[in-house]
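**Q** See query.pdb below, with PDB, C-alpha atoms and all ligand atoms.
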```pdb
MODEL        1
ATOM      1  CA  MET A   1     -25.618   7.407   1.482
ATOM      2  CA  TRP A   2     -22.932   4.837   0.827
ATOM      3  CA  GLU A   3     -23.122   2.390  -2.062
ATOM      4  CA  TYR A   4     -22.698  -1.275  -1.165
ATOM      5  CA  SER A   5     -21.985  -4.151  -3.514
ATOM      6  CA  GLU A   6     -24.494  -6.998  -3.787
ATOM      7  CA  LYS A   7     -21.997  -9.251  -2.052
ATOM      8  CA  VAL A   8     -21.675  -6.930   0.941
ATOM      9  CA  LEU A   9     -25.454  -6.811   1.271
ATOM     10  CA  ASP A  10     -25.709 -10.582   0.929
ATOM     11  CA  HIS A  11     -23.107 -11.239   3.658
ATOM     12  CA  TYR A  12     -24.682  -8.614   5.881
ATOM     13  CA  ARG A  13     -28.179 -10.060   5.508
ATOM     14  CA  ASN A  14     -27.095 -13.709   5.596
ATOM     15  CA  PRO A  15     -23.802 -13.801   7.493
ATOM     16  CA  ARG A  16     -21.925 -17.096   7.263
ATOM     17  CA  ASN A  17     -20.249 -18.851  10.167
ATOM     18  CA  VAL A  18     -21.624 -16.705  12.970
ATOM     19  CA  GLY A  19     -21.011 -17.935  16.503
ATOM     20  CA  LYS A  20     -18.197 -19.250  18.617
ATOM     21  CA  ILE A  21     -16.179 -22.453  18.623
ATOM     22  CA  ASP A  22     -15.967 -23.718  22.197
ATOM     23  CA  ASP A  23     -12.811 -25.739  21.647
ATOM     24  CA  ALA A  24     -11.151 -23.264  19.230
ATOM     25  CA  ASP A  25      -7.407 -23.671  18.771
ATOM     26  CA  LEU A  26      -6.901 -19.979  18.034
ATOM     27  CA  ILE A  27      -8.907 -16.873  18.867
ATOM     28  CA  GLY A  28      -8.096 -13.539  17.262
ATOM     29  CA  GLU A  29      -9.495 -10.257  18.495
ATOM     30  CA  ALA A  30      -9.592  -6.766  17.007
ATOM     31  CA  GLY A  31     -11.295  -3.477  17.779
ATOM     32  CA  SER A  32     -13.078  -2.823  21.043
ATOM     33  CA  LEU A  33     -16.591  -2.000  22.135
ATOM     34  CA  ALA A  34     -15.319   1.312  23.459
ATOM     35  CA  CYS A  35     -14.206   2.185  19.908
ATOM     36  CA  GLY A  36     -17.547   1.249  18.353
ATOM     37  CA  ASP A  37     -16.821  -2.126  16.766
ATOM     38  CA  SER A  38     -15.093  -5.345  17.662
ATOM     39  CA  LEU A  39     -14.474  -8.754  16.186
ATOM     40  CA  LYS A  40     -13.644 -12.105  17.709
ATOM     41  CA  LEU A  41     -12.511 -14.779  15.271
ATOM     42  CA  TYR A  42     -12.489 -18.454  16.312
ATOM     43  CA  ILE A  43     -10.346 -20.950  14.420
ATOM     44  CA  LYS A  44     -10.344 -24.738  14.652
ATOM     45  CA  LEU A  45      -7.307 -26.449  13.210
ATOM     46  CA  ASP A  46      -6.612 -29.788  11.661
ATOM     47  CA  GLY A  47      -2.823 -29.818  11.738
ATOM     48  CA  GLU A  48      -1.790 -26.670   9.870
ATOM     49  CA  LYS A  49      -5.127 -26.480   8.058
ATOM     50  CA  ILE A  50      -8.088 -24.347   9.143
ATOM     51  CA  LYS A  51     -10.925 -26.838   9.554
ATOM     52  CA  ASP A  52     -13.505 -24.345  10.791
ATOM     53  CA  ALA A  53     -13.833 -20.651  11.538
ATOM     54  CA  LYS A  54     -16.566 -18.624  13.193
ATOM     55  CA  PHE A  55     -16.949 -15.072  14.330
ATOM     56  CA  LEU A  56     -18.773 -12.791  16.704
ATOM     57  CA  THR A  57     -18.822  -9.129  15.855
ATOM     58  CA  PHE A  58     -20.287  -5.943  17.143
ATOM     59  CA  GLY A  59     -20.419  -3.241  14.513
ATOM     60  CA  CYS A  60     -22.028  -2.015  11.327
ATOM     61  CA  GLY A  61     -23.127  -4.012   8.283
ATOM     62  CA  SER A  62     -19.686  -3.722   6.687
ATOM     63  CA  ALA A  63     -18.092  -5.212   9.806
ATOM     64  CA  VAL A  64     -20.496  -8.159   9.645
ATOM     65  CA  ALA A  65     -19.904  -8.636   5.913
ATOM     66  CA  SER A  66     -16.096  -8.367   6.264
ATOM     67  CA  SER A  67     -16.048 -10.905   9.113
ATOM     68  CA  SER A  68     -18.387 -13.265   7.298
ATOM     69  CA  ILE A  69     -16.405 -13.294   4.045
ATOM     70  CA  LEU A  70     -13.163 -13.642   5.972
ATOM     71  CA  THR A  71     -14.321 -16.936   7.492
ATOM     72  CA  GLU A  72     -15.142 -18.202   3.996
ATOM     73  CA  MET A  73     -11.742 -17.076   2.736
ATOM     74  CA  ILE A  74      -9.803 -18.966   5.405
ATOM     75  CA  ILE A  75     -11.704 -22.224   5.894
ATOM     76  CA  GLY A  76      -9.833 -25.040   4.141
ATOM     77  CA  LYS A  77      -6.594 -23.067   3.823
ATOM     78  CA  THR A  78      -3.336 -23.585   5.668
ATOM     79  CA  LEU A  79      -2.105 -21.064   8.231
ATOM     80  CA  ASP A  80       0.741 -20.199   5.940
ATOM     81  CA  GLU A  81      -1.664 -19.410   3.101
ATOM     82  CA  VAL A  82      -3.941 -17.179   5.164
ATOM     83  CA  ARG A  83      -0.949 -15.292   6.510
ATOM     84  CA  GLN A  84      -0.851 -13.469   3.177
ATOM     85  CA  ILE A  85      -4.451 -12.160   3.417
ATOM     86  CA  THR A  86      -4.701  -8.364   3.653
ATOM     87  CA  ASN A  87      -7.587  -6.008   4.290
ATOM     88  CA  LYS A  88      -7.475  -5.195   0.581
ATOM     89  CA  ASP A  89      -8.110  -8.877  -0.238
ATOM     90  CA  ILE A  90     -11.111  -8.893   2.114
ATOM     91  CA  ALA A  91     -12.554  -5.717   0.569
ATOM     92  CA  ASP A  92     -11.866  -7.005  -2.983
ATOM     93  CA  GLU A  93     -13.567 -10.308  -2.181
ATOM     94  CA  LEU A  94     -16.650  -8.331  -1.142
ATOM     95  CA  GLY A  95     -16.625  -6.449  -4.436
ATOM     96  CA  GLY A  96     -15.329  -3.328  -2.669
ATOM     97  CA  LEU A  97     -16.329  -1.294   0.372
ATOM     98  CA  PRO A  98     -17.006   2.443   0.657
ATOM     99  CA  GLN A  99     -13.796   4.298   1.625
ATOM    100  CA  GLU A 100     -15.369   5.319   4.932
ATOM    101  CA  LYS A 101     -15.948   1.653   5.775
ATOM    102  CA  MET A 102     -12.540   0.266   4.859
ATOM    103  CA  HIS A 103     -11.633   0.109   8.553
ATOM    104  CA  CYS A 104     -14.007  -2.880   8.773
ATOM    105  CA  SER A 105     -11.801  -4.840   6.366
ATOM    106  CA  VAL A 106      -8.762  -3.773   8.391
ATOM    107  CA  MET A 107     -10.461  -5.111  11.524
ATOM    108  CA  GLY A 108     -10.808  -8.473   9.751
ATOM    109  CA  GLN A 109      -7.123  -8.575   8.894
ATOM    110  CA  GLU A 110      -6.188  -7.542  12.421
ATOM    111  CA  ALA A 111      -8.293 -10.286  14.017
ATOM    112  CA  LEU A 112      -6.802 -12.895  11.700
ATOM    113  CA  GLU A 113      -3.298 -11.681  12.459
ATOM    114  CA  ASP A 114      -3.974 -11.644  16.176
ATOM    115  CA  ALA A 115      -4.911 -15.333  15.905
ATOM    116  CA  LEU A 116      -1.825 -16.104  13.787
ATOM    117  CA  LYS A 117       0.401 -14.271  16.231
ATOM    118  CA  LYS A 118      -0.782 -16.645  18.948
ATOM    119  CA  TYR A 119       0.207 -19.587  16.758
ATOM    120  CA  TYR A 120       3.545 -18.354  15.428
ATOM    121  CA  GLY A 121       4.642 -16.555  18.594
ATOM    122  CA  LYS A 122       4.724 -12.898  19.541
ATOM    123  CA  ASP A 123       8.160 -12.291  18.061
ATOM    124  CA  VAL A 124       7.075 -13.054  14.499
ATOM    125  CA  GLU A 125       6.230  -9.938  12.497
ATOM    126  CA  ILE A 126       2.748 -10.233  11.002
ATOM    127  CA  GLY A 127       1.169  -7.247   9.263
ATOM    128  CA  PHE A 128      -0.934  -5.108  11.559
ATOM    129  CA  ALA A 129      -0.365  -7.198  14.672
ATOM    130  CA  LYS A 130       0.785  -5.074  17.558
ATOM    131  CA  SER A 131       4.088  -5.693  19.271
ATOM    132  CA  SER A 132       5.131  -4.451  22.685
ATOM    133  CA  SER A 133       7.556  -1.960  21.096
ATOM    134  CA  ASP A 134       4.863  -0.499  18.819
ATOM    135  CA  LYS A 135       3.960   3.079  19.755
ATOM    136  CA  VAL A 136       0.295   4.033  20.151
ATOM    137  CA  VAL A 137      -0.341   7.037  17.893
ATOM    138  CA  CYS A 138      -4.089   7.434  18.306
ATOM    139  CA  THR A 139      -5.111   6.983  21.913
ATOM    140  CA  CYS A 140      -8.817   7.441  21.149
ATOM    141  CA  PHE A 141      -8.862   4.274  19.017
ATOM    142  CA  ASN A 142      -5.683   2.628  20.310
ATOM    143  CA  VAL A 143      -4.087   2.579  16.847
ATOM    144  CA  THR A 144      -0.342   2.067  16.688
ATOM    145  CA  GLU A 145       2.373   3.385  14.416
ATOM    146  CA  ASN A 146       2.843  -0.036  12.802
ATOM    147  CA  GLN A 147      -0.875  -0.364  12.058
ATOM    148  CA  ILE A 148      -0.925   3.028  10.327
ATOM    149  CA  TRP A 149       2.265   2.166   8.411
ATOM    150  CA  GLU A 150       0.793  -1.148   7.228
ATOM    151  CA  ALA A 151      -2.469   0.486   6.159
ATOM    152  CA  ILE A 152      -0.525   3.059   4.107
ATOM    153  CA  LYS A 153       1.660   0.346   2.564
ATOM    154  CA  ILE A 154      -1.083  -2.133   1.657
ATOM    155  CA  ASN A 155      -3.609   0.397   0.410
ATOM    156  CA  GLY A 156      -1.390   3.186  -0.958
ATOM    157  CA  LEU A 157      -2.989   5.776   1.345
ATOM    158  CA  LYS A 158      -1.949   9.359   0.682
ATOM    159  CA  THR A 159      -3.860  11.577   3.133
ATOM    160  CA  VAL A 160      -4.701  11.721   6.836
ATOM    161  CA  GLU A 161      -8.371  11.411   5.919
ATOM    162  CA  GLU A 162      -7.702   8.148   4.082
ATOM    163  CA  VAL A 163      -5.763   6.820   7.070
ATOM    164  CA  THR A 164      -8.782   7.670   9.249
ATOM    165  CA  ASN A 165     -11.096   5.802   6.884
ATOM    166  CA  TYR A 166      -8.932   2.707   7.029
ATOM    167  CA  THR A 167      -7.820   2.660  10.662
ATOM    168  CA  LYS A 168     -10.151   5.080  12.483
ATOM    169  CA  ALA A 169      -7.050   6.879  13.793
ATOM    170  CA  GLY A 170      -7.781  10.594  13.832
ATOM    171  CA  GLY A 171     -11.541  10.096  13.745
ATOM    172  CA  ALA A 172     -12.399  11.454  17.216
ATOM    173  CA  CYS A 173     -10.551  14.260  19.004
ATOM    174  CA  GLY A 174      -8.140  14.663  16.075
ATOM    175  CA  ARG A 175      -5.103  15.261  18.299
ATOM    176  CA  CYS A 176      -3.139  12.539  16.498
ATOM    177  CA  LYS A 177      -3.588  13.976  12.993
ATOM    178  CA  GLY A 178      -0.175  15.684  13.057
ATOM    179  CA  ALA A 179       1.496  12.417  14.024
ATOM    180  CA  ILE A 180      -0.364  10.600  11.226
ATOM    181  CA  GLN A 181       0.853  13.191   8.736
ATOM    182  CA  ASP A 182       4.418  12.653  10.033
ATOM    183  CA  ILE A 183       4.086   8.897   9.395
ATOM    184  CA  LEU A 184       2.802   9.574   5.869
ATOM    185  CA  ASN A 185       5.738  11.933   5.226
ATOM    186  CA  THR A 186       8.263   9.409   6.551
ATOM    187  CA  TYR A 187       6.748   6.586   4.514
ATOM    188  CA  TYR A 188       6.806   8.480   1.204
ATOM    189  CA  LYS A 189      10.258   9.925   1.849
ATOM    190  CA  LYS A 190      11.519   6.380   2.373
ATOM    191  CA  GLN A 191       9.789   5.252  -0.825
ATOM    192  CA  GLU A 192      11.381   8.096  -2.739
ATOM    193  CA  ASN A 193      14.854   7.257  -1.447
ATOM    194  CA  GLU A 194      14.425   3.576  -2.254
ATOM    195  CA  SER A 195      13.266   4.297  -5.772
ATOM    196  CA  LYS A 196      16.249   6.547  -6.516
ATOM    197  CA  LEU A 197      18.774   5.162  -8.947
ATOM    198  CA  THR A 198      22.379   4.724  -7.872
ATOM    199  CA  PRO A 199      24.808   6.972  -9.843
ATOM    200  CA  THR A 200      25.928   4.004 -11.946
ATOM    201  CA  GLN A 201      22.342   2.915 -12.676
ATOM    202  CA  LYS A 202      21.499   6.498 -13.650
ATOM    203  CA  ILE A 203      24.422   6.786 -16.093
ATOM    204  CA  LEU A 204      23.491   3.466 -17.706
ATOM    205  CA  LYS A 205      19.863   4.481 -18.004
ATOM    206  CA  ILE A 206      20.673   7.863 -19.574
ATOM    207  CA  GLY A 207      22.892   6.112 -22.143
ATOM    208  CA  LYS A 208      20.185   3.592 -22.920
ATOM    209  CA  VAL A 209      17.421   6.186 -23.356
ATOM    210  CA  ILE A 210      19.628   8.290 -25.659
ATOM    211  CA  GLU A 211      20.641   5.289 -27.717
ATOM    212  CA  GLN A 212      17.271   3.579 -27.976
ATOM    213  CA  GLU A 213      14.756   6.416 -27.882
ATOM    214  CA  ILE A 214      16.304   9.785 -28.705
ATOM    215  CA  SER A 215      18.920   8.926 -31.307
ATOM    216  CA  PRO A 216      16.562   6.952 -33.609
ATOM    217  CA  GLN A 217      14.157   9.921 -33.676
ATOM    218  CA  LEU A 218      16.897  12.398 -34.643
ATOM    219  CA  GLN A 219      18.284  10.013 -37.260
ATOM    220  CA  LYS A 220      14.954  10.101 -39.062
ATOM    221  CA  ASP A 221      15.658  13.784 -39.822
ATOM    222  CA  GLY A 222      19.276  13.182 -40.815
ATOM    223  CA  GLY A 223      20.753  14.121 -37.442
ATOM    224  CA  ASP A 224      21.969  12.322 -34.348
ATOM    225  CA  ILE A 225      23.194  12.797 -30.833
ATOM    226  CA  GLU A 226      26.248  11.684 -28.887
ATOM    227  CA  LEU A 227      26.520  11.446 -25.117
ATOM    228  CA  VAL A 228      29.724  13.228 -24.067
ATOM    229  CA  ASP A 229      29.635  13.393 -20.279
ATOM    230  CA  ILE A 230      27.393  13.291 -17.221
ATOM    231  CA  GLU A 231      28.098  15.502 -14.207
ATOM    232  CA  GLY A 232      25.494  14.915 -11.521
ATOM    233  CA  ASP A 233      22.193  15.976 -13.092
ATOM    234  CA  ILE A 234      23.844  17.734 -16.040
ATOM    235  CA  VAL A 235      23.945  15.645 -19.217
ATOM    236  CA  LYS A 236      26.410  16.949 -21.820
ATOM    237  CA  VAL A 237      25.665  15.964 -25.379
ATOM    238  CA  LYS A 238      26.851  16.745 -28.894
ATOM    239  CA  LEU A 239      24.383  17.131 -31.723
ATOM    240  CA  ILE A 240      25.529  15.587 -34.988
ATOM    241  CA  GLY A 241      24.593  15.920 -38.686
ATOM    242  CA  VAL A 242      21.784  18.322 -39.573
ATOM    243  CA  CYS A 243      21.037  18.773 -35.876
ATOM    244  CA  SER A 244      24.423  20.404 -35.275
ATOM    245  CA  SER A 245      23.733  23.198 -37.760
ATOM    246  CA  CYS A 246      20.039  23.502 -37.083
ATOM    247  CA  LYS A 247      19.000  26.941 -35.871
ATOM    248  CA  ASN A 248      16.518  25.258 -33.524
ATOM    249  CA  ALA A 249      19.212  23.122 -31.882
ATOM    250  CA  SER A 250      18.733  24.616 -28.411
ATOM    251  CA  MET A 251      14.983  24.124 -28.725
ATOM    252  CA  THR A 252      15.498  20.489 -29.752
ATOM    253  CA  LEU A 253      17.661  19.970 -26.700
ATOM    254  CA  LYS A 254      15.112  21.416 -24.262
ATOM    255  CA  THR A 255      11.792  20.319 -25.697
ATOM    256  CA  PHE A 256      12.830  16.942 -26.982
ATOM    257  CA  VAL A 257      16.041  15.529 -25.502
ATOM    258  CA  GLU A 258      15.750  17.033 -22.035
ATOM    259  CA  SER A 259      12.060  16.382 -21.670
ATOM    260  CA  ILE A 260      12.473  12.682 -22.557
ATOM    261  CA  LEU A 261      15.344  12.282 -20.089
ATOM    262  CA  LYS A 262      13.343  14.070 -17.389
ATOM    263  CA  THR A 263      10.384  11.766 -17.908
ATOM    264  CA  LYS A 264      12.268   8.514 -18.335
ATOM    265  CA  VAL A 265      15.196   8.949 -15.948
ATOM    266  CA  ASP A 266      15.095  11.843 -13.476
ATOM    267  CA  SER A 267      13.083  15.074 -13.350
ATOM    268  CA  ASN A 268      16.173  16.998 -12.167
ATOM    269  CA  ILE A 269      18.158  16.410 -15.375
ATOM    270  CA  THR A 270      19.228  19.341 -17.523
ATOM    271  CA  VAL A 271      20.893  18.933 -20.923
ATOM    272  CA  GLU A 272      23.812  21.003 -22.231
ATOM    273  CA  GLN A 273      25.292  21.043 -25.681
ATOM    274  CA  VAL A 274      29.091  20.863 -25.904
TER     275      VAL A 274
HETATM  276  S1  LIG B 301      -5.937  10.682  19.575
HETATM  277 FE1  LIG B 301      -6.533  10.073  17.584
HETATM  278  S2  LIG B 301      -8.529  10.806  17.347
HETATM  279 FE2  LIG B 301      -8.023  11.303  19.417
ENDMDL
END
```
Give the structure from the file, written as structure tokens.
Ligand code: FES

**A**
Amino acid sequence: MWEYSEKVLDHYRNPRNVGKIDDADLIGEAGSLACGDSLKLYIKLDGEKIKDAKFLTFGCGSAVASSSILTEMIIGKTLDEVRQITNKDIADELGGLPQEKMHCSVMGQEALEDALKKYYGKDVEIGFAKSSSDKVVCTCFNVTENQIWEAIKINGLKTVEEVTNYTKAGGACGRCKGAIQDILNTYYKKQENESKLTPTQKILKIGKVIEQEISPQLQKDGGDIELVDIEGDIVKVKLIGVCSSCKNASMTLKTFVESILKTKVDSNITVEQV
């Protein structure tokens, strides 16, 4: 049995702003009855400000609670302000949702973005909102590549199962699971490449770590270290003072110098004494 926060239970039992707005300026839709839950979000504007919001939803208690809290989160705010709201914000505002129910918070974000897309125009990129060029990955739940990518990015998802919990993709026939795994692989590969240091940044960082963290430690024992050269991942150093004549010099290099550089700069680094 899933654990629900008091706030989820409160919004489920006493949902706020249920209903429709006949003269709504914007209507956002997400999910579909065929997929088991759907949400229609009505927004009434006063200039750029959201004067009123109501919703109609078909789904479980978490879907009701997510929709209800979303209306409270957006009423009184400008369109620009609510553009920043993510599914994570909706779930956080509810005091959390069980992992298996996170797709309800995603449905809230999607409905809001669908409404915003109608205001800003279809060419403006907004979070989960589908575009005509977006490829459908999961045909059972009509989930696109961009929606899966956004869910991974916002929530730090690591596994196919987590993606299913957040987007429903993969939760029926399972045929799309391979494609979901490919998206996860591409996302984290891209992250890895972006986080890599340029060669110049790496050289500067190695110098800084040696100077500020390794050298002071060796000096305490009457020794020191000097950076001689860097060739790719090989860092050439010279041990000075007592360190140079120490019979444990090679051990010091591996267990102390190299391990600090591996942790602080790059796990591929090896250290050589010259
Ligand atoms: S295609 Fe995704 S679950 Fe069937």

**Q** Set the cut-off to 6 Å, count only C-alpha atoms and all ligand atoms, and list whatever residues fall near ligand LIG 301 (chain B) as a compact mmCIF listing (two decimals) with C-alpha atoms, in the coordinates of the input.

**A**
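Final file, result31.txt:
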```txt
# COMPACT_ATOMS: atom_id res chain seq x y z
CA CYS A 138 -4.09 7.43 18.31
CA THR A 139 -5.11 6.98 21.91
CA CYS A 140 -8.82 7.44 21.15
CA ALA A 169 -7.05 6.88 13.79
CA GLY A 170 -7.78 10.59 13.83
CA GLY A 171 -11.54 10.10 13.74
CA ALA A 172 -12.40 11.45 17.22
CA CYS A 173 -10.55 14.26 19.00
CA GLY A 174 -8.14 14.66 16.08
CA ARG A 175 -5.10 15.26 18.30
CA CYS A 176 -3.14 12.54 16.50
```

**Q** Which residues would end up in the selection if the PyMOL selection byres (((chain A and resi 242-245) around 9) and not hetatm) were applied here, given that I need the answer as a list of chain:residue names?

**A**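 Checking the PyMOL selection byres (((chain A and resi 242-245) around 9) and not hetatm) against this file, the residues are A:Leu218, A:Asp221, A:Gly222, A:Gly223, A:Asp224, A:Ile225, A:Lys238, A:Leu239, A:Ile240, A:Gly241, A:Cys246, A:Lys247, A:Asn248, A:Ala249, A:Thr252.
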
**Q** At what distance in Å, to one decimal, does CA of Ala53 (chain A) lie from CA of Asp37 (chain A)?

**A** 19.5 Å

**Q** Taking the file above as input, evaluate the PyMOL selection byres (((chain A and resi 26) around 6) and not hetatm) and report the hits as a VMD selection string.

**A** chain A and resid 24 to 25 27 43 115

**Q** Set out as JSON lines a contact list for region 105-207 of chain A and region 64-83 of chain A with a cut-off of 8 Å, giving each residue of region 105-207 of chain A that qualifies its closest atom pair and distance in Å to one decimal, counting all atoms listed in the file, ordered by chain and rising residue number.

**A**
```
{"residue": "A:Ser105", "atom": "CA", "partner": "A:Ser66", "partner_atom": "CA", "distance": 5.6}
{"residue": "A:Gly108", "atom": "CA", "partner": "A:Ser67", "partner_atom": "CA", "distance": 5.8}
{"residue": "A:Glu113", "atom": "CA", "partner": "A:Arg83", "partner_atom": "CA", "distance": 7.3}
{"residue": "A:Leu116", "atom": "CA", "partner": "A:Arg83", "partner_atom": "CA", "distance": 7.4}
{"residue": "A:Ile126", "atom": "CA", "partner": "A:Arg83", "partner_atom": "CA", "distance": 7.7}
```

**Q** Using all atoms listed in the file, can you tell me which of A:Thr86, A:Thr263, A:Glu48, A:Lys189 comes closest to Tyr120 (chain A)?

**A** A:Glu48

**Q** Selected by the PyMOL selection byres (((chain A and resi 9) around 12) and not hetatm) in the shown coordinates: which residues, as a list of chain:residue names?

**A**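 For this structure, the PyMOL selection byres (((chain A and resi 9) around 12) and not hetatm) captures A:Trp2, A:Glu3, A:Tyr4, A:Ser5, A:Glu6, A:Lys7, A:Val8, A:Asp10, A:His11, A:Tyr12, A:Arg13, A:Asn14, A:Pro15, A:Cys60, A:Gly61, A:Ser62, A:Ala63, A:Val64, A:Ala65, A:Ser66, A:Ser68, A:Ile69, A:Leu94, A:Gly95, A:Gly96, A:Leu97.
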
**Q** Save out the residues we just selected, C-alpha atoms, as a PDB file, keeping the file's coordinate frame.

**A**
```
ATOM      1  CA  TRP A   2     -22.932   4.837   0.827  1.00  0.00           C
ATOM      2  CA  GLU A   3     -23.122   2.390  -2.062  1.00  0.00           C
ATOM      3  CA  TYR A   4     -22.698  -1.275  -1.165  1.00  0.00           C
ATOM      4  CA  SER A   5     -21.985  -4.151  -3.514  1.00  0.00           C
ATOM      5  CA  GLU A   6     -24.494  -6.998  -3.787  1.00  0.00           C
ATOM      6  CA  LYS A   7     -21.997  -9.251  -2.052  1.00  0.00           C
ATOM      7  CA  VAL A   8     -21.675  -6.930   0.941  1.00  0.00           C
ATOM      8  CA  ASP A  10     -25.709 -10.582   0.929  1.00  0.00           C
ATOM      9  CA  HIS A  11     -23.107 -11.239   3.658  1.00  0.00           C
ATOM     10  CA  TYR A  12     -24.682  -8.614   5.881  1.00  0.00           C
ATOM     11  CA  ARG A  13     -28.179 -10.060   5.508  1.00  0.00           C
ATOM     12  CA  ASN A  14     -27.095 -13.709   5.596  1.00  0.00           C
ATOM     13  CA  PRO A  15     -23.802 -13.801   7.493  1.00  0.00           C
ATOM     14  CA  CYS A  60     -22.028  -2.015  11.327  1.00  0.00           C
ATOM     15  CA  GLY A  61     -23.127  -4.012   8.283  1.00  0.00           C
ATOM     16  CA  SER A  62     -19.686  -3.722   6.687  1.00  0.00           C
ATOM     17  CA  ALA A  63     -18.092  -5.212   9.806  1.00  0.00           C
ATOM     18  CA  VAL A  64     -20.496  -8.159   9.645  1.00  0.00           C
ATOM     19  CA  ALA A  65     -19.904  -8.636   5.913  1.00  0.00           C
ATOM     20  CA  SER A  66     -16.096  -8.367   6.264  1.00  0.00           C
ATOM     21  CA  SER A  68     -18.387 -13.265   7.298  1.00  0.00           C
ATOM     22  CA  ILE A  69     -16.405 -13.294   4.045  1.00  0.00           C
ATOM     23  CA  LEU A  94     -16.650  -8.331  -1.142  1.00  0.00           C
ATOM     24  CA  GLY A  95     -16.625  -6.449  -4.436  1.00  0.00           C
ATOM     25  CA  GLY A  96     -15.329  -3.328  -2.669  1.00  0.00           C
ATOM     26  CA  LEU A  97     -16.329  -1.294   0.372  1.00  0.00           C
TER      27      LEU A  97
END
```

**Q** Restricting the calculation to all atoms listed in the file: of A:Glu192, A:Ser267, A:Phe256, A:Val136, which residue gets closest to Gln217 (chain A)?

**A**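 Distance minimum relative to Gln217 (chain A) lands on A:Phe256.
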
**Q** Select, from A:Met102, A:Leu204, A:Leu39, A:Ala111, the residue with the minimum atom-to-atom distance to Asn165 (chain A), counting only C-alpha atoms.

**A**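 Distance minimum relative to Asn165 (chain A) lands on A:Met102.
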